[in-house]
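One structure is given here, and the rest of the page talks about it.
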Amino acid sequence: MMFAAAAAAILVALALVITRAIKGPTVFDRVLAGNSVGSLAIMLLAVVGFLTGRPEFLDIGLTYGLLNLIGTLAVLKFFRHGDLAHDADDGAGS
Amino acid sequence: MTLAIDIASWVLILLGSFFTIVGAVGMVRMPEVFTRMHAASVIDTLGVGLLIAGLALQAGFTLVTLKLIFVLGLFLITGPVITHALAQACLHEGVEPMLTEDRRGRARPGSGKPDDGRPT
């Protein structure tokens, strides 16, 4: 019962964060909202795993967390340097 | 004893849900990107921490609890990394934090001059 309440709360939070991702004036607001969507998705995976009696969903959550980190850092690096293969040593513009 | 653990885990899960919604509302209502990072960190620390503590109490001493601790550690490591990278990218792109007073021209921390609150 508590798992269902927690899942509902996480869904409400997801709706609010997606609102920010759509409205966000700058691209950094959208990146931040995307990262929060990833965090909330991991929480939702864990809670739904407990709700349905299958906590093995936590493995998917761990993988998704690592992908979330790498994806967000890649997007930030792209918007900062315009290039994912930017070398940190070849310029003072870093 | 079982009932006590159940009640404790329910309280933790409900508190985690509450702080998750608080963080999401903050992300909608905060005025600019740096304050929104502050709101998002509430989701990553208090929301996830309390929720995972509640779930771990439900799971007991099993492999599931170990995985939950791994997920919590992942959040505690990646949250500051993402926030730092995002703030650095914002400052690099010229997004200035919104301050109540104009602090340009004042002594920076570590610049040798004491910051007495007056413009230098």
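Labels used: A, B, ... for chains in the order of the structure tokens, numbers from 1 for residues in each chain, and numbers from 1 for ligands as shown.
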
Within 9 Å of chain A, which residues of chain B show up? Give each one with its shortest atom-to-atom distance in Å (one decimal) and the two atoms involved, counting only C-alpha atoms, rows by chain then rising residue number, as CSV.
```
residue,atom,partner,partner_atom,distance
B:Trp10,CA,A:Met2,CA,6.3
B:Ile13,CA,A:Ala6,CA,6.7
B:Leu14,CA,A:Ala6,CA,6.7
B:Gly16,CA,A:Ala6,CA,8.0
B:Ser17,CA,A:Ala6,CA,5.5
B:Phe18,CA,A:Ala9,CA,7.5
B:Thr20,CA,A:Ala13,CA,6.5
B:Ile21,CA,A:Ala13,CA,5.1
B:Val22,CA,A:Ala13,CA,8.3
B:Gly23,CA,A:Ala13,CA,7.9
B:Ala24,CA,A:Ala13,CA,5.1
B:Val25,CA,A:Leu16,CA,6.6
B:Met27,CA,A:Val17,CA,6.6
B:Val28,CA,A:Arg20,CA,5.6
B:Glu32,CA,A:Asp29,CA,8.3
B:Val33,CA,A:Asp29,CA,5.8
B:Arg36,CA,A:Asp29,CA,7.8
B:Met37,CA,A:Leu32,CA,7.1
B:Ala40,CA,A:Ser36,CA,6.6
B:Ser41,CA,A:Ser36,CA,8.9
B:Ile43,CA,A:Ser36,CA,7.7
B:Asp44,CA,A:Ser39,CA,7.0
B:Val48,CA,A:Met43,CA,6.9
B:Leu51,CA,A:Met43,CA,8.1
B:Ile52,CA,A:Met43,CA,8.3
B:Leu55,CA,A:Val47,CA,7.8
B:Gln58,CA,A:Phe50,CA,8.9
B:Ala59,CA,A:Phe50,CA,8.8
B:Val64,CA,A:Pro55,CA,6.7
B:Lys67,CA,A:Leu58,CA,6.7
B:Leu68,CA,A:Leu58,CA,7.2
B:Phe70,CA,A:Leu62,CA,7.7
B:Val71,CA,A:Leu62,CA,5.9
B:Leu74,CA,A:Gly65,CA,7.2
B:Phe75,CA,A:Gly65,CA,7.8
B:Thr78,CA,A:Leu69,CA,6.5
B:Gly79,CA,A:Leu69,CA,8.7
B:Val81,CA,A:Leu69,CA,8.6
B:Ile82,CA,A:Leu73,CA,7.0
B:Thr83,CA,A:Leu32,CA,8.3
B:Ala85,CA,A:Leu73,CA,7.3
B:Leu86,CA,A:Leu76,CA,6.8
B:Ala87,CA,A:Phe28,CA,8.8
B:Ala89,CA,A:Arg80,CA,6.0
B:Cys90,CA,A:Phe28,CA,6.9
B:His92,CA,A:Arg80,CA,7.5
B:Glu93,CA,A:Arg80,CA,7.3
```

Store the residues picked out above, limited to N, CA and C atoms, as a CSV table (one decimal), in the first residue's frame.
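Below is the file that was written, result_0.csv:
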```
chain,number,residue,atom,x,y,z
B,10,TRP,N,7.3,2.5,6.7
B,10,TRP,CA,6.3,3.3,6.1
B,10,TRP,C,6.6,4.8,6.3
B,13,ILE,N,9.3,5.8,3.9
B,13,ILE,CA,8.9,5.9,2.5
B,13,ILE,C,8.0,7.1,2.3
B,14,LEU,N,7.1,7.4,3.2
B,14,LEU,CA,6.2,8.6,3.0
B,14,LEU,C,7.0,9.9,3.1
B,16,GLY,N,10.2,10.2,2.2
B,16,GLY,CA,10.9,10.3,1.0
B,16,GLY,C,10.0,10.7,-0.2
B,17,SER,N,8.8,10.2,-0.2
B,17,SER,CA,7.8,10.7,-1.2
B,17,SER,C,7.6,12.2,-1.1
B,18,PHE,N,7.4,12.6,0.2
B,18,PHE,CA,7.1,14.0,0.4
B,18,PHE,C,8.3,14.9,-0.1
B,20,THR,N,10.5,14.1,-2.3
B,20,THR,CA,10.5,14.1,-3.8
B,20,THR,C,9.6,15.1,-4.4
B,21,ILE,N,8.4,15.2,-3.9
B,21,ILE,CA,7.4,16.1,-4.4
B,21,ILE,C,7.9,17.6,-4.1
B,22,VAL,N,8.5,17.8,-2.9
B,22,VAL,CA,9.0,19.1,-2.6
B,22,VAL,C,10.0,19.5,-3.6
B,23,GLY,N,11.0,18.6,-3.9
B,23,GLY,CA,12.0,19.0,-4.9
B,23,GLY,C,11.5,19.3,-6.2
B,24,ALA,N,10.4,18.5,-6.7
B,24,ALA,CA,9.9,18.7,-8.0
B,24,ALA,C,9.1,20.0,-8.1
B,25,VAL,N,8.4,20.4,-7.0
B,25,VAL,CA,7.7,21.7,-7.0
B,25,VAL,C,8.7,22.8,-7.0
B,27,MET,N,11.6,22.7,-8.4
B,27,MET,CA,12.1,22.8,-9.8
B,27,MET,C,11.2,23.6,-10.7
B,28,VAL,N,9.9,23.5,-10.4
B,28,VAL,CA,9.0,24.3,-11.2
B,28,VAL,C,9.0,25.8,-10.8
B,32,GLU,N,15.6,30.6,-11.4
B,32,GLU,CA,16.6,30.4,-12.4
B,32,GLU,C,17.4,29.2,-12.2
B,33,VAL,N,18.4,28.9,-13.0
B,33,VAL,CA,18.9,27.5,-13.1
B,33,VAL,C,19.7,27.1,-11.9
B,36,ARG,N,17.3,26.2,-9.3
B,36,ARG,CA,16.7,24.9,-9.6
B,36,ARG,C,17.6,23.7,-9.4
B,37,MET,N,18.9,23.9,-9.5
B,37,MET,CA,19.9,22.8,-9.1
B,37,MET,C,19.7,22.5,-7.6
B,40,ALA,N,16.7,20.4,-7.2
B,40,ALA,CA,16.9,19.1,-7.8
B,40,ALA,C,17.8,18.2,-6.8
B,41,SER,N,18.7,18.9,-6.1
B,41,SER,CA,19.5,18.1,-5.2
B,41,SER,C,18.7,17.6,-4.0
B,43,ILE,N,15.8,16.2,-4.4
B,43,ILE,CA,15.3,14.8,-4.9
B,43,ILE,C,16.5,13.8,-4.7
B,44,ASP,N,17.7,14.2,-5.1
B,44,ASP,CA,18.8,13.3,-5.1
B,44,ASP,C,19.3,12.9,-3.8
B,48,VAL,N,15.7,10.3,-2.4
B,48,VAL,CA,16.2,9.0,-2.6
B,48,VAL,C,16.7,8.3,-1.4
B,51,LEU,N,13.7,7.2,0.9
B,51,LEU,CA,12.9,6.2,0.2
B,51,LEU,C,13.7,4.8,0.2
B,52,ILE,N,15.0,4.9,-0.1
B,52,ILE,CA,15.8,3.7,-0.1
B,52,ILE,C,16.0,3.1,1.3
B,55,LEU,N,12.8,1.2,1.9
B,55,LEU,CA,12.8,0.0,1.1
B,55,LEU,C,13.7,-1.0,1.7
B,58,GLN,N,12.2,-2.8,4.5
B,58,GLN,CA,11.3,-3.8,4.1
B,58,GLN,C,12.0,-5.1,3.6
B,59,ALA,N,13.2,-4.9,3.0
B,59,ALA,CA,13.8,-6.1,2.4
B,59,ALA,C,14.6,-6.9,3.5
B,64,VAL,N,19.0,-7.8,-1.8
B,64,VAL,CA,18.3,-6.7,-2.3
B,64,VAL,C,18.7,-5.4,-1.6
B,67,LYS,N,21.9,-4.2,-3.0
B,67,LYS,CA,21.7,-3.5,-4.3
B,67,LYS,C,21.1,-2.1,-4.0
B,68,LEU,N,20.3,-2.0,-3.0
B,68,LEU,CA,19.7,-0.7,-2.6
B,68,LEU,C,20.8,0.3,-2.2
B,70,PHE,N,23.9,0.1,-3.1
B,70,PHE,CA,24.7,0.5,-4.3
B,70,PHE,C,24.0,1.6,-5.0
B,71,VAL,N,22.6,1.5,-5.1
B,71,VAL,CA,21.9,2.6,-5.8
B,71,VAL,C,22.1,3.9,-5.1
B,74,LEU,N,25.5,5.3,-5.6
B,74,LEU,CA,25.5,5.9,-7.0
B,74,LEU,C,25.0,7.3,-7.0
B,75,PHE,N,23.8,7.4,-6.3
B,75,PHE,CA,23.2,8.8,-6.3
B,75,PHE,C,24.1,9.7,-5.5
B,78,THR,N,27.1,10.6,-8.0
B,78,THR,CA,26.8,11.2,-9.3
B,78,THR,C,26.1,12.6,-9.1
B,79,GLY,N,25.3,12.7,-8.0
B,79,GLY,CA,24.6,14.0,-7.9
B,79,GLY,C,25.5,15.2,-7.8
B,81,VAL,N,28.6,15.4,-8.9
B,81,VAL,CA,29.3,15.5,-10.1
B,81,VAL,C,28.5,16.2,-11.2
B,82,ILE,N,27.2,15.8,-11.3
B,82,ILE,CA,26.4,16.4,-12.3
B,82,ILE,C,26.1,17.9,-12.0
B,83,THR,N,25.9,18.2,-10.7
B,83,THR,CA,25.6,19.6,-10.4
B,83,THR,C,26.8,20.5,-10.6
B,85,ALA,N,29.3,19.9,-12.8
B,85,ALA,CA,29.5,20.1,-14.3
B,85,ALA,C,28.5,21.0,-14.9
B,86,LEU,N,27.3,20.9,-14.4
B,86,LEU,CA,26.2,21.8,-14.9
B,86,LEU,C,26.5,23.3,-14.5
B,87,ALA,N,26.9,23.5,-13.3
B,87,ALA,CA,27.1,24.9,-12.9
B,87,ALA,C,28.3,25.4,-13.6
B,89,ALA,N,29.3,24.6,-16.6
B,89,ALA,CA,28.9,24.8,-18.0
B,89,ALA,C,28.0,26.1,-18.1
B,90,CYS,N,27.2,26.3,-17.1
B,90,CYS,CA,26.3,27.5,-17.0
B,90,CYS,C,27.2,28.8,-16.9
B,92,HIS,N,30.3,29.1,-17.7
B,92,HIS,CA,31.1,29.2,-19.0
B,92,HIS,C,30.3,29.8,-20.1
B,93,GLU,N,29.0,29.4,-20.1
B,93,GLU,CA,28.2,30.0,-21.2
B,93,GLU,C,27.6,31.4,-20.9
```

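Of note, atom CA of Ala4 of chain A and atom CA of Gly53 of chain A are spaced 12.3 Å apart.
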
Counting only C-alpha atoms, which residue out of B:Gly60, B:Gly94, B:Pro31, B:Gly54 sits closest to Ala8 of chain B?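 Smallest distance to Ala8 of chain B is found for B:Gly54.
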
Can you work out which one of A:Gly34, A:Ile22, A:Ala41, A:Arg54 has the shortest atom-to-atom distance to Val75 of chain A, counting only C-alpha atoms? A:Gly34

Return as an MDAnalysis selection string the full set of residues in chain B whose backbone-based DSSP assignment is alpha helix (DSSP H). chainID B and resid 2:29 33:42 48:59 63:92

If you measure from atom CA of Gly38 of chain A to atom CA of Leu46 of chain B, what distance in Å do you get, rounded to one decimal?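 Calculated distance between atom CA of Gly38 of chain A and atom CA of Leu46 of chain B is 16.1 Å.
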